[in-house]
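So this one's run25.cif, mmCIF, C-alpha atoms and all ligand atoms:
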data_final
loop_
_atom_site.label_atom_id
_atom_site.label_comp_id
_atom_site.auth_asym_id
_atom_site.auth_seq_id
_atom_site.Cartn_x
_atom_site.Cartn_y
_atom_site.Cartn_z
CA MET P 1 -19.91 -8.97 -4.66
CA ILE P 2 -18.10 -11.80 -2.97
CA TYR P 3 -17.42 -11.40 0.76
CA ARG P 4 -14.65 -12.99 2.76
CA LYS P 5 -14.05 -13.61 6.43
CA PHE P 6 -12.13 -10.87 8.18
CA GLY P 7 -9.63 -13.09 9.99
CA ARG P 8 -11.09 -14.69 13.11
CA THR P 9 -13.64 -11.93 13.68
CA ASP P 10 -17.32 -12.12 12.80
CA ALA P 11 -16.97 -9.44 10.12
CA MET P 12 -17.37 -10.29 6.44
CA VAL P 13 -15.63 -7.87 4.08
CA SER P 14 -16.05 -7.39 0.36
CA GLN P 15 -13.08 -8.91 -1.45
CA LEU P 16 -12.56 -5.53 -3.11
CA GLY P 17 -11.99 -2.54 -0.85
CA PHE P 18 -11.87 1.11 -1.87
CA GLY P 19 -8.58 2.90 -1.16
CA ALA P 20 -9.33 6.59 -0.56
CA MET P 21 -5.91 7.73 -1.73
CA ARG P 22 -6.23 8.33 -5.46
CA PHE P 23 -9.48 10.18 -6.03
CA PRO P 24 -9.82 12.28 -9.20
CA LEU P 25 -8.72 15.91 -8.83
CA THR P 26 -10.00 19.20 -10.16
CA GLU P 27 -6.40 20.45 -10.42
CA PRO P 28 -3.98 17.81 -11.70
CA TYR P 29 -1.00 18.41 -9.35
CA ASP P 30 -2.83 19.45 -6.22
CA PRO P 31 -3.93 16.37 -4.21
CA THR P 32 -6.03 18.54 -1.88
CA LYS P 33 -8.36 19.39 -4.76
CA ILE P 34 -10.47 16.22 -4.77
CA ASP P 35 -13.14 16.33 -7.46
CA GLU P 36 -15.84 15.73 -4.87
CA VAL P 37 -18.67 15.21 -7.33
CA LYS P 38 -16.84 12.54 -9.31
CA ALA P 39 -15.26 10.97 -6.23
CA ALA P 40 -18.64 10.71 -4.45
CA GLU P 41 -20.17 9.14 -7.55
CA MET P 42 -17.39 6.53 -7.60
CA LEU P 43 -17.65 5.82 -3.91
CA HIS P 44 -21.45 5.51 -3.97
CA TYR P 45 -21.34 3.27 -7.04
CA ALA P 46 -18.90 0.96 -5.25
CA ILE P 47 -20.97 0.84 -2.05
CA ASP P 48 -24.27 0.44 -3.93
CA ASN P 49 -22.68 -2.55 -5.65
CA GLY P 50 -21.47 -4.25 -2.50
CA VAL P 51 -18.08 -2.76 -1.58
CA ASN P 52 -18.14 -2.50 2.22
CA PHE P 53 -14.55 -1.59 3.08
CA ILE P 54 -13.28 1.98 2.70
CA ASP P 55 -9.66 2.66 3.58
CA SER P 56 -8.28 6.12 4.31
CA ALA P 57 -5.38 7.54 6.33
CA TYR P 58 -4.48 10.83 8.02
CA PRO P 59 -2.14 12.04 5.24
CA TYR P 60 -4.05 10.90 2.13
CA HIS P 61 -4.75 13.70 -0.32
CA ARG P 62 -2.65 15.88 1.95
CA GLN P 63 -5.04 15.38 4.83
CA THR P 64 -8.25 15.94 2.89
CA SER P 65 -9.27 12.32 2.19
CA GLU P 66 -10.83 11.82 5.64
CA ILE P 67 -12.63 15.16 5.41
CA PHE P 68 -14.07 14.23 2.03
CA LEU P 69 -15.19 10.81 3.33
CA GLY P 70 -16.90 12.50 6.29
CA LYS P 71 -19.12 14.31 3.80
CA ALA P 72 -19.50 11.57 1.19
CA LEU P 73 -20.55 8.88 3.68
CA LYS P 74 -23.65 10.76 4.83
CA ASN P 75 -27.17 9.77 3.82
CA GLY P 76 -26.88 6.25 5.15
CA TYR P 77 -23.61 5.27 3.43
CA ARG P 78 -21.62 5.24 6.68
CA ARG P 79 -23.77 2.41 8.04
CA LYS P 80 -23.14 0.27 4.98
CA VAL P 81 -19.36 0.12 5.27
CA TYR P 82 -16.43 -0.78 7.45
CA LEU P 83 -14.57 2.49 7.73
CA SER P 84 -10.83 2.21 8.10
CA THR P 85 -8.18 4.83 8.75
CA LYS P 86 -4.67 5.02 10.17
CA LEU P 87 -2.68 6.73 12.91
CA PRO P 88 0.25 8.69 11.42
CA VAL P 89 2.81 7.06 13.73
CA TRP P 90 5.73 9.06 12.28
CA LEU P 91 4.10 12.29 13.53
CA VAL P 92 3.85 11.07 17.13
CA LYS P 93 6.44 12.94 19.20
CA ALA P 94 4.83 12.70 22.66
CA LYS P 95 2.54 10.31 24.56
CA THR P 96 -0.45 12.62 24.17
CA ASP P 97 -0.12 12.91 20.37
CA SER P 98 -1.87 9.62 19.48
CA LEU P 99 -5.11 10.68 21.15
CA ARG P 100 -4.87 14.15 19.60
CA TYR P 101 -4.57 12.73 16.07
CA PHE P 102 -7.26 10.15 16.73
CA ASP P 103 -9.75 12.78 17.96
CA GLU P 104 -8.97 14.90 14.94
CA GLN P 105 -9.67 11.91 12.69
CA LEU P 106 -13.05 11.28 14.35
CA GLN P 107 -13.93 14.91 13.71
CA ARG P 108 -12.77 14.86 10.11
CA LEU P 109 -14.71 11.67 9.42
CA GLN P 110 -17.71 12.95 11.43
CA VAL P 111 -18.04 9.66 13.31
CA ASP P 112 -17.95 8.43 16.92
CA GLN P 113 -16.32 5.15 16.07
CA ILE P 114 -13.83 3.87 13.49
CA ASP P 115 -14.29 0.24 12.51
CA MET P 116 -10.76 -0.71 11.50
CA TYR P 117 -7.92 1.40 12.87
CA LEU P 118 -4.34 0.85 11.76
CA LEU P 119 -0.96 2.02 12.88
CA HIS P 120 0.22 3.44 9.60
CA SER P 121 3.29 2.24 7.72
CA LEU P 122 5.13 0.33 10.43
CA GLY P 123 8.82 -0.31 9.89
CA LYS P 124 11.99 -0.14 11.99
CA ASN P 125 11.77 3.53 12.93
CA SER P 126 8.03 3.73 13.45
CA TRP P 127 8.07 0.53 15.51
CA LYS P 128 10.53 2.24 17.86
CA THR P 129 8.10 5.17 18.09
CA VAL P 130 5.24 2.78 18.89
CA ASN P 131 7.21 1.37 21.82
CA GLU P 132 8.68 4.67 22.99
CA TYR P 133 5.34 6.46 23.22
CA GLY P 134 3.16 3.62 24.50
CA ILE P 135 1.04 3.53 21.35
CA LEU P 136 -0.08 -0.06 21.97
CA ASP P 137 -1.49 1.00 25.37
CA PHE P 138 -3.30 3.79 23.54
CA VAL P 139 -4.77 1.23 21.12
CA ASP P 140 -5.93 -0.85 24.11
CA LYS P 141 -7.67 2.21 25.53
CA ILE P 142 -9.58 3.12 22.38
CA LEU P 143 -10.57 -0.52 21.95
CA ASP P 144 -11.87 -0.71 25.54
CA ALA P 145 -13.76 2.55 25.03
CA GLU P 146 -15.26 1.08 21.81
CA LYS P 147 -13.91 4.02 19.83
CA ILE P 148 -12.54 1.48 17.38
CA ARG P 149 -13.67 -2.07 16.63
CA TYR P 150 -10.57 -3.77 15.26
CA ALA P 151 -6.89 -2.87 15.53
CA GLY P 152 -4.33 -3.52 12.83
CA PHE P 153 -1.25 -2.14 11.13
CA SER P 154 0.05 -1.44 7.67
CA TYR P 155 3.57 -2.49 6.90
CA HIS P 156 6.59 -1.37 4.85
CA ASP P 157 9.78 -3.10 5.92
CA ASP P 158 11.45 -6.51 5.94
CA LEU P 159 10.00 -9.91 6.75
CA PRO P 160 11.70 -10.59 10.14
CA LEU P 161 10.35 -7.36 11.66
CA PHE P 162 6.93 -8.09 10.17
CA LYS P 163 6.81 -11.40 12.04
CA GLU P 164 7.99 -9.72 15.24
CA ILE P 165 5.20 -7.13 14.98
CA VAL P 166 2.56 -9.77 14.19
CA ASP P 167 3.58 -11.54 17.41
CA ALA P 168 3.79 -8.41 19.54
CA TYR P 169 0.10 -7.58 19.90
CA PRO P 170 -3.33 -9.27 19.49
CA TRP P 171 -3.94 -7.56 16.15
CA LYS P 172 -7.05 -8.43 14.21
CA PHE P 173 -5.55 -7.57 10.82
CA CYS P 174 -2.62 -6.31 8.79
CA LEU P 175 -2.25 -4.50 5.48
CA ILE P 176 0.64 -5.56 3.24
CA HIS P 177 2.02 -4.65 -0.19
CA LEU P 178 1.50 -7.66 -2.47
CA ASN P 179 1.20 -8.31 -6.19
CA TYR P 180 2.49 -10.93 -8.61
CA VAL P 181 5.73 -9.04 -9.26
CA ASP P 182 6.39 -8.22 -5.59
CA ASP P 183 5.56 -11.59 -4.06
CA GLN P 184 8.80 -11.61 -2.08
CA TYR P 185 8.98 -7.91 -1.30
CA GLN P 186 8.63 -6.66 2.30
CA ALA P 187 6.23 -9.09 4.08
CA GLY P 188 5.52 -10.90 0.79
CA LEU P 189 3.77 -14.25 0.48
CA GLU P 190 5.65 -15.67 3.45
CA GLY P 191 4.47 -12.80 5.64
CA MET P 192 0.93 -13.22 4.34
CA GLU P 193 0.92 -16.91 5.30
CA TYR P 194 2.48 -16.17 8.68
CA ALA P 195 -0.09 -13.53 9.59
CA TYR P 196 -2.96 -15.69 8.31
CA LYS P 197 -1.87 -18.67 10.40
CA LYS P 198 -1.75 -16.41 13.44
CA GLY P 199 -5.41 -15.52 12.83
CA LEU P 200 -4.99 -12.02 11.38
CA ALA P 201 -7.09 -10.90 8.46
CA VAL P 202 -4.71 -10.06 5.61
CA MET P 203 -5.55 -6.96 3.59
CA VAL P 204 -3.58 -6.24 0.43
CA MET P 205 -2.48 -2.85 -0.89
CA GLU P 206 -0.86 -2.00 -4.22
CA PRO P 207 -2.26 -5.08 -6.01
CA LEU P 208 -1.64 -3.23 -9.32
CA ARG P 209 1.65 -1.71 -8.16
CA GLY P 210 -0.12 1.64 -7.98
CA GLY P 211 -1.32 1.22 -11.59
CA ARG P 212 1.97 0.08 -13.13
CA LEU P 213 0.69 -3.46 -13.71
CA ALA P 214 -2.46 -2.11 -15.37
CA ASN P 215 -1.22 0.69 -17.62
CA ASN P 216 1.48 0.74 -20.33
CA VAL P 217 1.95 -2.99 -19.93
CA PRO P 218 4.78 -4.12 -22.24
CA PRO P 219 3.92 -6.36 -25.22
CA GLU P 220 6.02 -9.19 -23.76
CA VAL P 221 3.73 -9.32 -20.70
CA LEU P 222 0.57 -8.96 -22.80
CA SER P 223 1.66 -11.95 -24.85
CA ILE P 224 2.31 -14.02 -21.69
CA MET P 225 -1.16 -13.05 -20.40
CA GLN P 226 -2.79 -14.15 -23.65
CA GLN P 227 -1.43 -17.67 -23.24
CA SER P 228 -3.88 -18.18 -20.37
CA GLY P 229 -6.71 -18.40 -22.89
CA ARG P 230 -8.77 -15.98 -20.78
CA THR P 231 -10.01 -12.68 -22.11
CA GLN P 232 -8.80 -10.30 -19.44
CA THR P 233 -7.35 -6.85 -18.95
CA PRO P 234 -3.92 -6.44 -17.33
CA ALA P 235 -5.72 -5.11 -14.22
CA GLU P 236 -7.82 -8.29 -14.03
CA PHE P 237 -4.74 -10.45 -14.60
CA ALA P 238 -3.05 -8.79 -11.61
CA LEU P 239 -6.11 -8.73 -9.32
CA ARG P 240 -6.83 -12.40 -10.09
CA TRP P 241 -3.42 -13.40 -8.74
CA VAL P 242 -4.08 -11.76 -5.36
CA LEU P 243 -7.72 -12.86 -5.12
CA ASN P 244 -6.68 -16.43 -5.91
CA ARG P 245 -5.22 -16.64 -2.39
CA PRO P 246 -7.64 -17.81 0.31
CA GLU P 247 -5.44 -16.13 2.93
CA VAL P 248 -6.38 -12.68 1.59
CA SER P 249 -9.51 -11.11 3.08
CA CYS P 250 -9.68 -8.00 0.95
CA VAL P 251 -7.77 -6.35 -1.87
CA LEU P 252 -7.67 -2.57 -1.71
CA SER P 253 -7.49 -0.63 -4.90
CA GLY P 254 -7.09 3.14 -5.03
CA MET P 255 -9.34 3.58 -8.03
CA SER P 256 -9.17 6.94 -9.76
CA THR P 257 -11.99 6.85 -12.35
CA LEU P 258 -15.56 5.59 -12.38
CA GLU P 259 -14.62 3.21 -15.23
CA GLN P 260 -11.98 1.60 -13.00
CA VAL P 261 -14.51 1.26 -10.18
CA ILE P 262 -17.06 -0.36 -12.50
CA ALA P 263 -14.44 -2.75 -13.90
CA ASN P 264 -13.04 -3.77 -10.52
CA VAL P 265 -16.44 -4.12 -8.86
CA SER P 266 -17.59 -6.34 -11.70
CA PHE P 267 -14.45 -8.46 -11.40
CA ALA P 268 -14.94 -8.77 -7.64
CA ALA P 269 -18.49 -10.05 -8.18
CA GLU P 270 -16.91 -13.36 -9.25
CA GLU P 271 -15.33 -16.01 -7.03
CA HIS P 272 -11.56 -16.20 -7.52
CA VAL P 273 -10.22 -18.27 -4.62
CA ASN P 274 -8.03 -21.12 -5.90
CA SER P 275 -9.09 -20.37 -9.47
CA LEU P 276 -5.56 -20.46 -10.90
CA THR P 277 -4.02 -23.69 -12.18
CA GLU P 278 -0.32 -24.58 -12.01
CA GLU P 279 -0.07 -23.59 -15.69
CA ASP P 280 -1.62 -20.19 -14.90
CA LEU P 281 0.81 -19.64 -12.05
CA GLN P 282 3.68 -20.41 -14.40
CA LEU P 283 2.50 -17.53 -16.62
CA TYR P 284 2.57 -15.13 -13.67
CA TYR P 285 6.05 -16.37 -12.89
CA GLN P 286 7.15 -15.63 -16.46
CA ALA P 287 5.62 -12.15 -16.34
CA LYS P 288 7.33 -11.48 -13.02
CA LYS P 289 10.65 -12.72 -14.44
CA PHE P 290 10.25 -10.36 -17.37
CA TYR P 291 9.73 -7.36 -15.09
CA HIS P 292 12.62 -8.41 -12.88
CA SER P 293 14.88 -8.80 -15.92
CA LYS P 294 14.52 -5.06 -16.39
CA THR P 295 15.70 -4.37 -12.84
CA LYS P 296 18.76 -2.13 -12.79
CA VAL P 297 19.93 -2.81 -9.24
CA SER P 298 19.59 -5.96 -7.15
CA CYS P 299 18.95 -3.93 -3.99
CA SER P 300 16.92 -5.85 -1.41
CA GLN P 301 16.14 -2.67 0.57
CA CYS P 302 17.87 -4.07 3.66
CA GLY P 303 19.08 -0.56 4.57
CA TYR P 304 22.57 -1.72 5.69
CA CYS P 305 24.02 1.09 3.54
CA GLN P 306 22.58 3.71 5.88
CA PRO P 307 23.35 6.12 7.39
CA CYS P 308 25.02 8.02 4.57
CA LYS P 309 27.17 11.02 5.55
CA GLN P 310 25.42 13.10 2.89
CA LYS P 311 22.01 11.87 4.13
CA ILE P 312 21.30 10.39 0.72
CA PRO P 313 18.33 7.96 1.02
CA ILE P 314 20.24 5.33 -0.97
CA SER P 315 17.80 2.42 -1.04
CA PHE P 316 14.84 4.71 -1.75
CA ILE P 317 16.63 6.19 -4.76
CA LEU P 318 17.66 2.76 -6.05
CA ASP P 319 14.06 1.62 -5.69
CA LEU P 320 12.82 4.60 -7.73
CA TYR P 321 15.50 3.86 -10.33
CA ASN P 322 14.37 0.23 -10.58
CA ASP P 323 10.74 1.27 -10.82
CA ALA P 324 11.51 3.71 -13.62
CA CYS P 325 13.29 1.00 -15.62
CA MET P 326 11.02 -1.96 -14.85
CA TYR P 327 7.72 -0.24 -15.59
CA ASP P 328 8.85 2.37 -18.07
CA ALA P 329 7.75 4.84 -15.39
CA VAL P 330 10.47 7.50 -15.52
CA LYS P 331 7.93 10.31 -15.18
CA GLU P 332 6.41 8.85 -12.00
CA SER P 333 9.77 8.01 -10.37
CA SER P 334 11.18 11.37 -11.31
CA TRP P 335 8.21 13.10 -9.70
CA ALA P 336 8.75 11.18 -6.44
CA TYR P 337 12.51 11.89 -6.60
CA ARG P 338 11.97 15.62 -6.84
CA VAL P 339 9.10 15.79 -4.35
CA PHE P 340 10.50 13.57 -1.60
CA ILE P 341 14.25 14.21 -1.73
CA LYS P 342 15.79 17.59 -1.02
CA PRO P 343 18.42 18.81 -3.53
CA GLU P 344 21.18 18.49 -0.90
CA ASN P 345 20.40 14.78 -0.41
CA ARG P 346 20.12 13.71 -4.06
CA GLY P 347 22.37 11.24 -5.89
CA ASP P 348 24.70 13.88 -7.34
CA GLN P 349 25.78 14.75 -3.78
CA CYS P 350 27.55 11.38 -3.37
CA THR P 351 31.22 11.95 -2.44
CA GLU P 352 32.21 8.36 -3.34
CA CYS P 353 33.46 7.74 0.21
CA GLY P 354 32.65 4.04 -0.35
CA GLU P 355 31.27 3.37 3.17
CA CYS P 356 27.92 2.17 1.83
CA GLU P 357 29.60 -0.18 -0.64
CA GLU P 358 31.57 -1.82 2.16
CA LYS P 359 28.38 -2.36 4.18
CA CYS P 360 26.21 -3.56 1.28
CA PRO P 361 25.67 -7.36 1.49
CA GLN P 362 24.98 -7.41 -2.27
CA LYS P 363 28.19 -5.49 -3.00
CA ILE P 364 26.28 -3.03 -5.16
CA PRO P 365 28.47 -0.31 -6.74
CA VAL P 366 26.33 2.33 -5.04
CA SER P 367 28.28 5.46 -5.92
CA GLU P 368 28.15 4.68 -9.62
CA LEU P 369 24.46 3.67 -9.66
CA ILE P 370 23.22 6.48 -7.44
CA LYS P 371 24.66 8.97 -9.93
CA GLU P 372 23.14 7.10 -12.87
CA ALA P 373 19.81 7.22 -11.04
CA HIS P 374 20.19 10.94 -10.46
CA GLU P 375 20.87 11.59 -14.15
CA LEU P 376 17.68 9.74 -15.10
CA LEU P 377 15.42 11.16 -12.39
CA LYS P 378 16.67 14.72 -11.75
N1 LIG I 401 -0.80 1.96 4.54
C1 LIG I 401 0.05 2.20 3.60
O1 LIG I 401 1.23 2.39 3.87
C2 LIG I 401 -0.48 2.23 2.19
C3 LIG I 401 0.40 2.42 1.12
C4 LIG I 401 -0.12 2.35 -0.15
C5 LIG I 401 -1.49 2.11 -0.28
N2 LIG I 401 -2.32 1.96 0.77
C6 LIG I 401 -3.78 1.74 0.63
O2 LIG I 401 -4.01 0.71 -0.28
C7 LIG I 401 -4.84 1.18 -1.33
C8 LIG I 401 -4.50 0.43 -2.58
O3 LIG I 401 -3.19 0.73 -3.04
P1 LIG I 401 -3.05 1.38 -4.47
O4 LIG I 401 -3.94 2.56 -4.56
O5 LIG I 401 -1.59 1.54 -4.70
O6 LIG I 401 -3.69 0.22 -5.39
P2 LIG I 401 -3.43 -0.23 -6.86
O7 LIG I 401 -4.68 -0.94 -7.24
O8 LIG I 401 -2.14 -0.98 -6.95
O9 LIG I 401 -3.26 1.08 -7.72
C9 LIG I 401 -4.34 1.94 -7.98
C10 LIG I 401 -4.15 2.51 -9.37
O10 LIG I 401 -4.25 1.45 -10.31
C11 LIG I 401 -4.91 1.89 -11.47
N3 LIG I 401 -6.15 1.09 -11.63
C12 LIG I 401 -7.02 0.65 -10.69
N4 LIG I 401 -7.98 -0.10 -11.24
C13 LIG I 401 -7.74 -0.13 -12.58
C14 LIG I 401 -8.40 -0.73 -13.67
N5 LIG I 401 -9.48 -1.48 -13.54
N6 LIG I 401 -7.85 -0.55 -14.89
C15 LIG I 401 -6.75 0.20 -15.09
N7 LIG I 401 -6.08 0.78 -14.07
C16 LIG I 401 -6.58 0.62 -12.83
C17 LIG I 401 -5.17 3.36 -11.30
O11 LIG I 401 -4.01 4.03 -11.79
P3 LIG I 401 -4.14 5.28 -12.81
O12 LIG I 401 -4.98 6.28 -12.12
O13 LIG I 401 -2.71 5.70 -13.00
O14 LIG I 401 -4.79 4.75 -14.03
C18 LIG I 401 -5.22 3.50 -9.78
O15 LIG I 401 -4.92 4.80 -9.36
C19 LIG I 401 -4.57 2.69 -1.36
O16 LIG I 401 -5.52 3.41 -2.04
C20 LIG I 401 -4.52 2.95 0.12
O17 LIG I 401 -5.82 3.02 0.66
C21 LIG I 401 -1.81 2.01 1.99
#
Transcribe the structure of this file into structure tokens.
Ligand SMILES: NC(=O)c1ccc[n+]([C@@H]2O[C@H](COP(=O)([O-])OP(=O)(O)OC[C@H]3O[C@@H](n4cnc5c(N)ncnc54)[C@H](OP(=O)(O)O)[C@@H]3O)[C@@H](O)[C@H]2O)c1
Amino acid sequence: MIYRKFGRTDAMVSQLGFGAMRFPLTEPYDPTKIDEVKAAEMLHYAIDNGVNFIDSAYPYHRQTSEIFLGKALKNGYRRKVYLSTKLPVWLVKAKTDSLRYFDEQLQRLQVDQIDMYLLHSLGKNSWKTVNEYGILDFVDKILDAEKIRYAGFSYHDDLPLFKEIVDAYPWKFCLIHLNYVDDQYQAGLEGMEYAYKKGLAVMVMEPLRGGRLANNVPPEVLSIMQQSGRTQTPAEFALRWVLNRPEVSCVLSGMSTLEQVIANVSFAAEEHVNSLTEEDLQLYYQAKKFYHSKTKVSCSQCGYCQPCKQKIPISFILDLYNDACMYDAVKESSWAYRVFIKPENRGDQCTECGECEEKCPQKIPVSELIKEAHELLK
């Protein structure tokens, strides 16, 4: 295993981290039913082979990921890893809530201290919550009390707010969505460089776009990959792009089978920093262009279209629509559409009032596309 510096701290983290969000299940559609035998085997294999960063969060596996880790990290495994979890900021409705959730997390994980603690999924709304309920003061307190070792945040919004948040607190690290297709999405490469220059360790999530860059890869992309002359799987192609960057401390992957763990651990045993040539990077650019050519809507997720009178989450639906078309992932997008959006807020409820279209900087014909999306995903 190759280890990298964790920002300006003394910690050295394995360049591959284990995301505790996609463990195998005993019942396919019930995330609470973690297959604990298989999941423990995967986790122990990863740790025995050098992975020292385990990343969970309060809601993962519908709140059972932390509980499972509490059990699986016994017998000396806890000492071998940096344990990371996240405060569910969106659930904080009063000043006392942060401590309540944090104490619950310590209990679930069966620990007295969490190594890396993140404010989960910061964006415009959750950043308001952080300021309204004094969550940064709370982070100061748990740092002073040595209940956590390093404070950070995970991020899902635009670049300007990302920079503002980086500058707002002496964070030790951040966790951003980054892969070769989404290099300019949310914080993106520019955000990565910004945070790195400010001394934060940069952790990466969704390096395989949640599996989309590893499974069902279209022949056009496979043929681009082959031009590199390397024998590699699509997963390795995608991981290599992220690990090529010296600014990245650790790539998290939410592995869901032992085979994936073995493959990714073996890949992370090699050095990848600055391993890509200009010609290689051109191939990634071509693959990215191919995926983007299948984009249905040029929505930049700026959110100017909101609020919608019908409470339709416009940019979220357009994102799911794009995902379905770009990655041939209709089943996955359709699942998210039905699970996360109530029937009364779905695309077919659009009244064509046109307000969103007036506000959209890209002049996207929202009412037409939102209905198209609904027809595909309903
Ligand atoms: N803080 C946040 O807001 C946030 C959001 C997202 C993620 N995260 C964290 O970041 C971690 C990483 O994100 P992610 O889970 O989306 O990572 P990812 O690596 O992009 O996706 C993981 C999926 O990729 C596939 N995969 C992994 N290794 C593979 C291999 N060698 N060959 C083939 N397929 C492979 C599997 O999909 P299949 O099972 O479909 O094969 C796996 O479930 C999460 O687990 C979580 O800890 C945090």
(message) From the options P:Lys86, P:Lys33, P:Arg4, P:Lys342, which residue's atoms come nearest to ligand LIG 401 (chain I), counting all atoms listed in the file?
(response) P:Lys86
(request) Check which residues fall inside 8 Å of ligand LIG 401 (chain I) when counting only C-alpha atoms and all ligand atoms, and print them as an MDAnalysis selection string. (result) chainID P and resid 18:23 54:57 86 120:122 153:156 175:177 204:215 233:236 251:257 259:264
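Using only C-alpha atoms, the nearest neighbour of Thr85 of chain P within the list P:Leu161, P:Leu318, P:Leu119, P:Val273 is P:Leu119.
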(request) Go through P:Glu278, P:Asp319, P:Glu332, P:Asp115 one by one, measure the shortest atom-to-atom distance of each to Arg79 of chain P using only C-alpha atoms, and give the residue with the smallest value. (result)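 Comparing P:Glu278, P:Asp319, P:Glu332, P:Asp115 against Arg79 of chain P, the winner is P:Asp115.
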(request) Compile the contact shell of Gln362 of chain P as a PyMOL selection string: residues with an atom at most 10 Å away, counting all atoms listed in the file, same-chain residues fewer than 2 positions apart removed. (result) chain P and resi 297-300+302+357-360+364-365
For Glu220 of chain P: contacts at 10 Å, all atoms listed in the file, fewer than 2 positions along chain excluded, given as a short mmCIF file (atom, residue, chain, number, x, y, z; two decimals) with C-alpha atoms, keeping the file's coordinate frame:
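What landed in selection.cif:
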data_model
loop_
_atom_site.label_atom_id
_atom_site.label_comp_id
_atom_site.auth_asym_id
_atom_site.auth_seq_id
_atom_site.Cartn_x
_atom_site.Cartn_y
_atom_site.Cartn_z
CA VAL P 217 1.95 -2.99 -19.93
CA PRO P 218 4.78 -4.12 -22.24
CA LEU P 222 0.57 -8.96 -22.80
CA SER P 223 1.66 -11.95 -24.85
CA ILE P 224 2.31 -14.02 -21.69
CA MET P 225 -1.16 -13.05 -20.40
CA GLN P 286 7.15 -15.63 -16.46
CA ALA P 287 5.62 -12.15 -16.34
CA PHE P 290 10.25 -10.36 -17.37
CA TYR P 291 9.73 -7.36 -15.09
#
(request) For atom CA of Cys325 of chain P and atom CA of Glu279 of chain P, determine how far apart the two atoms are, in Å to one decimal place. (result) 28.0 Å
(message) Just to confirm, what's the straight-line distance from atom CA of Tyr58 of chain P to atom CA of Val89 of chain P in Å (one decimal)?
(response) 10.0 Å
(message) Please determine, counting all atoms listed in the file, which residue among P:Pro31, P:Gly134, P:Gly70, P:Gly76 has the shortest atom-to-atom distance to Asp97 of chain P.
(response)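 That would be P:Gly134, the residue with the smallest distance to Asp97 of chain P.
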(request) Quote the spacing between atom CA of Met1 of chain P and atom CA of Glu270 of chain P in Å to one decimal place. (result)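 Value for the atom CA of Met1 of chain P-atom CA of Glu270 of chain P distance: 7.0 Å.
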(request) Kindly indicate which residue among P:Ser249, P:Phe102, P:Lys128, P:Glu375 lies nearest to Phe53 of chain P, using only C-alpha atoms for the distances. (result) P:Ser249
(request) Using all atoms listed in the file, collect all residues at a distance of at most 10 Å from (-14.1, 11.3, 4.6) as written in the file, then present them as a ChimeraX atom specification. (result) /P:20,54-57,63-74,78,83,85,105-111
Please produce a file of the residues just selected, as a PDB file, in the coordinates of the input, where the atoms kept are C-alpha atoms.
ATOM      1  CA  ALA P  20      -9.330   6.590  -0.560  1.00  0.00           C
ATOM      2  CA  ILE P  54     -13.280   1.980   2.700  1.00  0.00           C
ATOM      3  CA  ASP P  55      -9.660   2.660   3.580  1.00  0.00           C
ATOM      4  CA  SER P  56      -8.280   6.120   4.310  1.00  0.00           C
ATOM      5  CA  ALA P  57      -5.380   7.540   6.330  1.00  0.00           C
ATOM      6  CA  GLN P  63      -5.040  15.380   4.830  1.00  0.00           C
ATOM      7  CA  THR P  64      -8.250  15.940   2.890  1.00  0.00           C
ATOM      8  CA  SER P  65      -9.270  12.320   2.190  1.00  0.00           C
ATOM      9  CA  GLU P  66     -10.830  11.820   5.640  1.00  0.00           C
ATOM     10  CA  ILE P  67     -12.630  15.160   5.410  1.00  0.00           C
ATOM     11  CA  PHE P  68     -14.070  14.230   2.030  1.00  0.00           C
ATOM     12  CA  LEU P  69     -15.190  10.810   3.330  1.00  0.00           C
ATOM     13  CA  GLY P  70     -16.900  12.500   6.290  1.00  0.00           C
ATOM     14  CA  LYS P  71     -19.120  14.310   3.800  1.00  0.00           C
ATOM     15  CA  ALA P  72     -19.500  11.570   1.190  1.00  0.00           C
ATOM     16  CA  LEU P  73     -20.550   8.880   3.680  1.00  0.00           C
ATOM     17  CA  LYS P  74     -23.650  10.760   4.830  1.00  0.00           C
ATOM     18  CA  ARG P  78     -21.620   5.240   6.680  1.00  0.00           C
ATOM     19  CA  LEU P  83     -14.570   2.490   7.730  1.00  0.00           C
ATOM     20  CA  THR P  85      -8.180   4.830   8.750  1.00  0.00           C
ATOM     21  CA  GLN P 105      -9.670  11.910  12.690  1.00  0.00           C
ATOM     22  CA  LEU P 106     -13.050  11.280  14.350  1.00  0.00           C
ATOM     23  CA  GLN P 107     -13.930  14.910  13.710  1.00  0.00           C
ATOM     24  CA  ARG P 108     -12.770  14.860  10.110  1.00  0.00           C
ATOM     25  CA  LEU P 109     -14.710  11.670   9.420  1.00  0.00           C
ATOM     26  CA  GLN P 110     -17.710  12.950  11.430  1.00  0.00           C
ATOM     27  CA  VAL P 111     -18.040   9.660  13.310  1.00  0.00           C
TER      28      VAL P 111
END
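Among the candidates P:Cys308, P:Val181, P:Trp335, P:Val202, the one nearest to Thr295 of chain P when counting all atoms listed in the file is P:Val181.
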(request) Within 8 Å of segment 41-47 of chain P, counting all atoms listed in the file, which residues show up once you throw out same-chain ones fewer than 2 positions away? Write them as a PyMOL selection string, please. (result) chain P and resi 18+37-39+49-52+72+77+80-81+257-258+261-262+265
Test item: axis-aligned box, all listed atoms of segment 142-146 of chain P, 3 Å on each side, centre and edges in Å rounded to one decimal, as JSON:
{"center_x": -12.4, "center_y": 1.2, "center_z": 23.7, "size_x": 11.7, "size_y": 9.8, "size_z": 9.7}
